[in-house]
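Working notes, structure below.
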2 protein chains.
Amino acid sequence: MTPKSDQVLSLLQARLDKAAILAGDAIDPRYSDDLAGERGARPELVLRPRGTDEVAEILKVCNDARLPLVVQGGRTGLSGGARVLAGEAVLSLERMTTLREVEPTAGTIVADAGVPLQLVQEKADTAGLVFGVDIGARGTATIGGNIATNAGGIRVLRYGSFRAQVLGLEAVLADGSVLSSLKGLAKDNSGYDLGQLFIGSEGTLGVVTRACLRLHPRPVTQSAAFCSLPSLGAAFGLLTFLRARLGNLLSGFEVILAPLMGDMVAALGFTAPVALSTPVYVLADIQGMSPGTDEEAFIETLSQAIEDGLVEDVVVSQSDREFHALWTLRDDVNRFLFAEDAMLSLDVSLPLPEMGAFLDMARAAQRQVDPAARDYVFGHLGDGNLHYVVRTDRPDQVAGAVFDCVAKSGGSISAEHGIGLDKKAYLHLTRAPAELAAMRRLKAALDPNNILNPGRIFDMPPALPNV
Amino acid sequence: MTPKSDQVLSLLQARLDKAAILAGDAIDPRYSDDLAGERGARPELVLRPRGTDEVAEILKVCNDARLPLVVQGGRTGLSGGARVLAGEAVLSLERMTTLREVEPTAGTIVADAGVPLQLVQEKADTAGLVFGVDIGARGTATIGGNIATNAGGIRVLRYGSFRAQVLGLEAVLADGSVLSSLKGLAKDNSGYDLGQLFIGSEGTLGVVTRACLRLHPRPVTQSAAFCSLPSLGAAFGLLTFLRARLGNLLSGFEVILAPLMGDMVAALGFTAPVALSTPVYVLADIQGMSPGTDEEAFIETLSQAIEDGLVEDVVVSQSDREFHALWTLRDDVNRFLFAEDAMLSLDVSLPLPEMGAFLDMARAAQRQVDPAARDYVFGHLGDGNLHYVVRTDRPDQVAGAVFDCVAKSGGSISAEHGIGLDKKAYLHLTRAPAELAAMRRLKAALDPNNILNPGRIFDMPPALPNV
């Protein structure tokens, strides 16, 4: 332990309960990293506050001592944002798990940062409501981490990303000042909406401690369709057509491209719901309030899409069981990919009109740096978000080549996974110097000693010597 | 003109076209103020750039000269944010009116800051889409001003406020640096979402020059119901019930309280659609995609609400003409109120569970400072947003008394009109010192010389002498 950590330890031991501080051998290795895969350093300390006031206390002490902190929620991030760097202490929000009851008139709920997403979903359900964000890591990922990374997932098309679910939040700045806005007001234009600052800023500007979240009416109908399509252009045509006909009834629009579909079916050994002879597959679903009518409208629209040549073949779920079976097939993509070796996983978004040209360009570029590379592409087409996975033994070169194509196409190098440590080197490709300079000005204004998640997203210029 | 203005004038005359600079007698009095009513000062200069690069040029020169600017869009604000203070120049975006074509696949459109809201609505309509924000000032209010104030209006319940419509924006900081993010990506988590900073910050952090806006599928059905209700509690019960049954089909939920309803009908001399014997009136409407089914579901749900005692009487529109007639009645509220004298107009929002107690408390408080006061309350109940208008000859005392009640109820003193100059004195009632301090830190970081809309929302500490 460094002298800094010793100083912080002795100050905090006097103020916090025993379980709030882990040091030395008491630190489980799980605190060192997140799901991004790379091994992190051993943390100097692990600090586990029970509430906002304790977070404030911890930050004040660490800020005075200039001890850098990495903030951890469920550690399910895929960009190394929660991975520990040498000399850092961990601030884990895992003991902040209070979840209040649903406020039924406004349709809101207040959750501590450490509450797993799935508990919010379940609590909403018991009140006859639904929470608008769903991601694969729902059981472990926490509300605080979701907010820090502006989590997306499979329902962005219908409900927007995590930002759209946040009606207010509470955050602690590096100096320990608490910004609390948990009124749960749908409309509030009285000064800056400070909460917006913390959404998607990956814990670099402040520590989110609680949030007031918006819930939605729970749909009573759902139906999914698995389609094979002749081209990506047809997929966009289908998306536009379904939107125009079904409006907000359309709830998800996921794409799986060849060769991923065929390789997955072969590897996992199941029977595909449609013939595997086309380059594009789409899982579209609806969720609505009018039993019978909704499903009829969906089938009628899909039939028209077949007639118009947008869809070659389609299977539509006829029961909740079939609905979930089709979604399981979509989830199998991750099951297949996680089991494979040497997979580079990128998460990009593109302006929809550019996506087709991007895919051609990226494939050519990746083959130039690795002729043996094989790309597996799937994602949330309705949001322009592709998970672009490449089997390659030259991951750095391929990532660079693909990100270059993203930049040329006017896209983003991270749609929903964030930048963390692992994509920092590429950020300049899609964010202009003026934007990066503005980010640094904000960081310096709110965390002048650079103690909160330092080096995540971007690096700050070296600090002046600590006099 | 001050020496500062002279300096700016001569520098800019060399760089901008003739129509870009108005000085002296060429300055029309309309540039002095906005709709808030109070007379502003004569601007030192009026600067009218044609594009983002000219905005950057102007800001750089003004920043170097420390000439304060007030930014103007359509000047329809109701909080004095665009009113000129002595010594300020006007930066008017009225010549920045480029509106690109709709991008049909993504459903987006890029608009210059000076484009009136209504033109965006109309352009969306020609593409078979709809823009999600609608406000009374649509013909004059501009996209830039809408963004700067995070405009709300009558469709927030369905589409969210203006923030939810912004997929990207371009803004210029006080030093002339341009932050441009017009990619139109639904999902982008690559570094801070800088655009969020400028939404609702009333031009104090930067000048919004362009935005990429999200459009929505255009509904094909619409139906409105005008209801009389026995109590405010019944109105909340109706809201919860309609939401649970109709989901996102429910598009608007507006309330008019007695005595406003009766006084308006008497003053304007029309026949009310329902008997005027209850304390609460609601205009609810639906917009959907399933002709026949939608309207049936609406009527069935309303019938159930009558049976349950939530609604006393209801009229449902049977045609587009009747739909618009019911909405005209809602618009008549403004026609009535604007024609009256001595009206104090407040715009507050409350947590829904607190609204009933707030109304009782506020009425008592206002009568204490002005026994003759008569309150007219209406608004967007679904968003917790009430326009609280009081006929009084003691506006300052009544405003103070009502805002105190807002604070005690955990509400906001400005739901959608912003703070500007006119509500600044009350902001401390509902925003904590730590929040105000954080706002000032952001302001100092992005506009260190305090040249952009100085004194709007909050005051900065006096600057160091300009050496």
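FYI, nothing fancy with the structure tokens labels: chains A, B, ... in order, residues from 1 per chain, ligands from 1 as they appear.
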
Residue neighbourhood stretch 31-33 of chain A, 9 Å, only C-alpha atoms, exclusion window fewer than 6 positions, as a ChimeraX atom specification: /A:39-43,46,72,75,80-85,90,92

Would you save the residues of that selection, restricted to all heavy atoms, as a short mmCIF file (atom, residue, chain, number, x, y, z; two decimals), in the first residue's frame?
data_model
loop_
_atom_site.label_atom_id
_atom_site.label_comp_id
_atom_site.auth_asym_id
_atom_site.auth_seq_id
_atom_site.Cartn_x
_atom_site.Cartn_y
_atom_site.Cartn_z
N ARG A 39 -6.69 -8.54 -17.33
CA ARG A 39 -6.47 -8.60 -15.89
C ARG A 39 -6.11 -7.22 -15.34
O ARG A 39 -5.24 -6.54 -15.88
CB ARG A 39 -5.30 -9.58 -15.67
CG ARG A 39 -5.17 -10.15 -14.29
CD ARG A 39 -6.08 -11.36 -14.07
NE ARG A 39 -6.35 -11.49 -12.64
CZ ARG A 39 -7.55 -11.28 -12.10
NH1 ARG A 39 -8.58 -11.01 -12.84
NH2 ARG A 39 -7.71 -11.38 -10.80
N GLY A 40 -6.74 -6.81 -14.26
CA GLY A 40 -6.44 -5.53 -13.64
C GLY A 40 -5.45 -5.66 -12.50
O GLY A 40 -5.08 -6.76 -12.10
N ALA A 41 -5.05 -4.51 -11.98
CA ALA A 41 -4.12 -4.50 -10.84
C ALA A 41 -4.89 -4.81 -9.55
O ALA A 41 -6.13 -4.78 -9.52
CB ALA A 41 -3.46 -3.13 -10.73
N ARG A 42 -4.15 -5.11 -8.52
CA ARG A 42 -4.75 -5.30 -7.21
C ARG A 42 -5.08 -3.91 -6.65
O ARG A 42 -4.22 -3.05 -6.60
CB ARG A 42 -3.71 -6.00 -6.32
CG ARG A 42 -4.24 -6.43 -5.00
CD ARG A 42 -3.12 -7.00 -4.13
NE ARG A 42 -3.70 -7.43 -2.87
CZ ARG A 42 -4.39 -8.56 -2.75
NH1 ARG A 42 -4.54 -9.37 -3.77
NH2 ARG A 42 -4.95 -8.87 -1.59
N PRO A 43 -6.33 -3.70 -6.20
CA PRO A 43 -6.66 -2.36 -5.69
C PRO A 43 -5.94 -2.06 -4.37
O PRO A 43 -5.68 -2.98 -3.58
CB PRO A 43 -8.17 -2.40 -5.46
CG PRO A 43 -8.61 -3.79 -5.69
CD PRO A 43 -7.48 -4.60 -6.23
N VAL A 46 -10.55 -1.43 -1.07
CA VAL A 46 -11.90 -1.47 -1.63
C VAL A 46 -12.83 -0.79 -0.63
O VAL A 46 -12.90 -1.19 0.53
CB VAL A 46 -12.36 -2.92 -1.90
CG1 VAL A 46 -13.82 -2.93 -2.36
CG2 VAL A 46 -11.47 -3.58 -2.95
N GLN A 72 -17.01 1.04 -9.19
CA GLN A 72 -17.51 -0.24 -9.70
C GLN A 72 -18.97 -0.46 -9.34
O GLN A 72 -19.41 -0.20 -8.23
CB GLN A 72 -16.67 -1.39 -9.13
CG GLN A 72 -15.25 -1.42 -9.65
CD GLN A 72 -14.47 -2.64 -9.18
OE1 GLN A 72 -14.92 -3.38 -8.31
NE2 GLN A 72 -13.31 -2.86 -9.78
N ARG A 75 -19.60 -4.65 -12.53
CA ARG A 75 -18.38 -5.06 -13.27
C ARG A 75 -18.70 -5.91 -14.49
O ARG A 75 -18.03 -6.90 -14.78
CB ARG A 75 -17.41 -5.81 -12.34
CG ARG A 75 -16.73 -4.95 -11.30
CD ARG A 75 -15.70 -5.73 -10.49
NE ARG A 75 -16.33 -6.82 -9.78
CZ ARG A 75 -16.86 -6.74 -8.57
NH1 ARG A 75 -16.80 -5.59 -7.92
NH2 ARG A 75 -17.43 -7.77 -8.00
N GLY A 80 -13.40 -2.17 -20.21
CA GLY A 80 -12.34 -2.01 -19.22
C GLY A 80 -12.49 -0.79 -18.33
O GLY A 80 -11.53 -0.39 -17.67
N GLY A 81 -13.68 -0.20 -18.29
CA GLY A 81 -13.87 1.01 -17.48
C GLY A 81 -13.72 0.76 -15.99
O GLY A 81 -13.33 1.65 -15.25
N ALA A 82 -14.01 -0.46 -15.53
CA ALA A 82 -13.93 -0.77 -14.10
C ALA A 82 -12.66 -1.52 -13.73
O ALA A 82 -12.46 -1.89 -12.58
CB ALA A 82 -15.15 -1.59 -13.68
N ARG A 83 -11.81 -1.76 -14.72
CA ARG A 83 -10.55 -2.46 -14.46
C ARG A 83 -9.64 -1.55 -13.62
O ARG A 83 -9.55 -0.35 -13.88
CB ARG A 83 -9.87 -2.82 -15.77
CG ARG A 83 -8.59 -3.66 -15.57
CD ARG A 83 -7.82 -3.84 -16.86
NE ARG A 83 -8.70 -4.28 -17.92
CZ ARG A 83 -8.71 -3.77 -19.15
NH1 ARG A 83 -7.89 -2.80 -19.50
NH2 ARG A 83 -9.56 -4.21 -20.04
N VAL A 84 -8.97 -2.13 -12.64
CA VAL A 84 -8.15 -1.35 -11.71
C VAL A 84 -6.77 -1.08 -12.31
O VAL A 84 -6.13 -1.99 -12.85
CB VAL A 84 -8.01 -2.10 -10.37
CG1 VAL A 84 -7.14 -1.31 -9.40
CG2 VAL A 84 -9.39 -2.37 -9.76
N LEU A 85 -6.35 0.16 -12.22
CA LEU A 85 -4.98 0.52 -12.58
C LEU A 85 -4.14 0.61 -11.31
O LEU A 85 -4.67 0.87 -10.22
CB LEU A 85 -4.95 1.86 -13.32
CG LEU A 85 -5.70 1.91 -14.65
CD1 LEU A 85 -5.64 3.32 -15.25
CD2 LEU A 85 -5.11 0.90 -15.64
N VAL A 90 -10.68 0.98 -5.11
CA VAL A 90 -11.99 0.71 -5.71
C VAL A 90 -13.07 1.36 -4.85
O VAL A 90 -13.05 1.23 -3.62
CB VAL A 90 -12.24 -0.81 -5.82
CG1 VAL A 90 -13.72 -1.10 -6.05
CG2 VAL A 90 -11.40 -1.41 -6.94
N SER A 92 -16.75 0.66 -4.54
CA SER A 92 -17.79 -0.27 -5.00
C SER A 92 -19.13 0.13 -4.39
O SER A 92 -19.23 0.34 -3.18
CB SER A 92 -17.45 -1.70 -4.60
OG SER A 92 -18.58 -2.52 -4.79
#

Residue contacts of B:Gly237 (10 Å, only C-alpha atoms) excluding same-chain residues fewer than 2 positions away, as a list in words: Thr105 of chain A; Ser231, Leu232, Gly233, Ala234, Ala235, Leu239, Thr240, Phe241, Leu242, Arg243, Ala305, Asp308, Gly309, Leu310 and Val311 of chain B

Mind checking DSSP for stretch 183-387 of chain A and telling me the strand (DSSP E or B) residues as a ChimeraX atom specification? /A:207-217,221-229,250-257,280-288,313-316,343-349,374-380,385-387

Between atom CA of B:Ala36 and atom CA of B:Gly77, what distance in Å does the model show, to one decimal? 6.4 Å

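Using only C-alpha atoms, the residues found no farther than 7 Å from A:Thr209, other than those of its own chain fewer than 6 positions away, are A:Thr52, A:Asp112, A:Ala113, A:Gly144, A:Glu170, A:Ala171.
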
Give me the residues near B:Gln165 as a ChimeraX atom specification, where near means some atom within 8 Å (using only C-alpha atoms) and where sequence neighbours in that chain fewer than 4 positions away do not count. /B:132-133,159-161,213-215

Among B:Met96, B:Arg441, B:Pro217, B:Ser251, B:Thr126 is approached most closely, using only C-alpha atoms, by B:Pro217

List every residue of stretch 126-229 of chain B that DSSP, applied to the backbone of this structure, assigns to helix (DSSP H, G or I), and report them as a PyMOL selection string. chain B and resi 126+143-148+156-159+162-165+195-198

With C-alpha atoms retained, write the just-selected residues as an mmCIF file, in the first residue's frame.
data_model
loop_
_atom_site.group_PDB
_atom_site.id
_atom_site.type_symbol
_atom_site.label_atom_id
_atom_site.label_comp_id
_atom_site.auth_asym_id
_atom_site.auth_seq_id
_atom_site.Cartn_x
_atom_site.Cartn_y
_atom_site.Cartn_z
ATOM 1 C CA THR B 126 -44.625 15.929 -46.066
ATOM 2 C CA ILE B 143 -35.479 25.324 -33.026
ATOM 3 C CA GLY B 144 -32.507 26.992 -31.350
ATOM 4 C CA GLY B 145 -34.679 28.663 -28.736
ATOM 5 C CA ASN B 146 -36.668 25.457 -28.260
ATOM 6 C CA ILE B 147 -33.443 23.595 -27.538
ATOM 7 C CA ALA B 148 -32.054 26.309 -25.290
ATOM 8 C CA VAL B 156 -44.530 15.466 -23.774
ATOM 9 C CA LEU B 157 -46.634 12.635 -22.404
ATOM 10 C CA ARG B 158 -46.202 10.757 -25.657
ATOM 11 C CA TYR B 159 -42.886 11.854 -27.133
ATOM 12 C CA PHE B 162 -37.438 18.634 -26.662
ATOM 13 C CA ARG B 163 -34.389 16.894 -25.180
ATOM 14 C CA ALA B 164 -35.826 13.567 -26.303
ATOM 15 C CA GLN B 165 -36.065 14.820 -29.905
ATOM 16 C CA GLY B 195 -25.031 18.332 -26.796
ATOM 17 C CA GLN B 196 -26.928 17.566 -23.591
ATOM 18 C CA LEU B 197 -25.142 20.483 -21.934
ATOM 19 C CA PHE B 198 -26.812 23.022 -24.156
#

Spatial neighbours of A:Arg48, max dist 12 Å, only C-alpha atoms, sep filter under 3 positions, as an MDAnalysis selection string: chainID A and resid 12:13 16:23 27 31 45 51:52 54:55 57:59 71:73 89:97 114

Find the residues around stretch 332-336 of chain A up to 9 Å (only C-alpha atoms counted), leave out those fewer than 4 positions away in its own chain, and share them as an MDAnalysis selection string. chainID A and resid 256 260:261 263:265 267:268 327:328 340 378

Near stretch 220-228 of chain A, within 8 Å and counting only C-alpha atoms, which residues show up once chain neighbours fewer than 2 positions away are dropped, as a ChimeraX atom specification? /A:218,230,273-276,278-291,294-295,311-320,323,326-327

Nearest candidate to chain A (options B:Leu250, B:Leu99, B:Ala365, B:Val389; using only C-alpha atoms): B:Leu250

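One finds atom CA of B:Val406 at 19.6 Å from atom CA of B:Pro371.
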
Given only C-alpha atoms as the basis, pick out the residue of B:Lys187, B:Arg210, B:His387, B:Lys424 nearest to chain A. B:Lys187

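Nearest residue to B:Val70, choosing from B:Ser10, B:Ala211, B:Ala437, B:Ala86 and counting only C-alpha atoms: B:Ala86.
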
Would you mind telling me which residue in B:Asp25, B:Asp396, B:Asp6, B:Asp347 lies nearest to chain A when using only C-alpha atoms?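 Of B:Asp25, B:Asp396, B:Asp6, B:Asp347, the one nearest chain A is B:Asp347, counting only C-alpha atoms.
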
Which residue, B:Ile154, B:Ala65, B:Val208, B:Leu119, has the smallest gap to B:Ile135 when you use only C-alpha atoms?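 Of the candidates, the smallest distance to B:Ile135 is held by B:Ile154.
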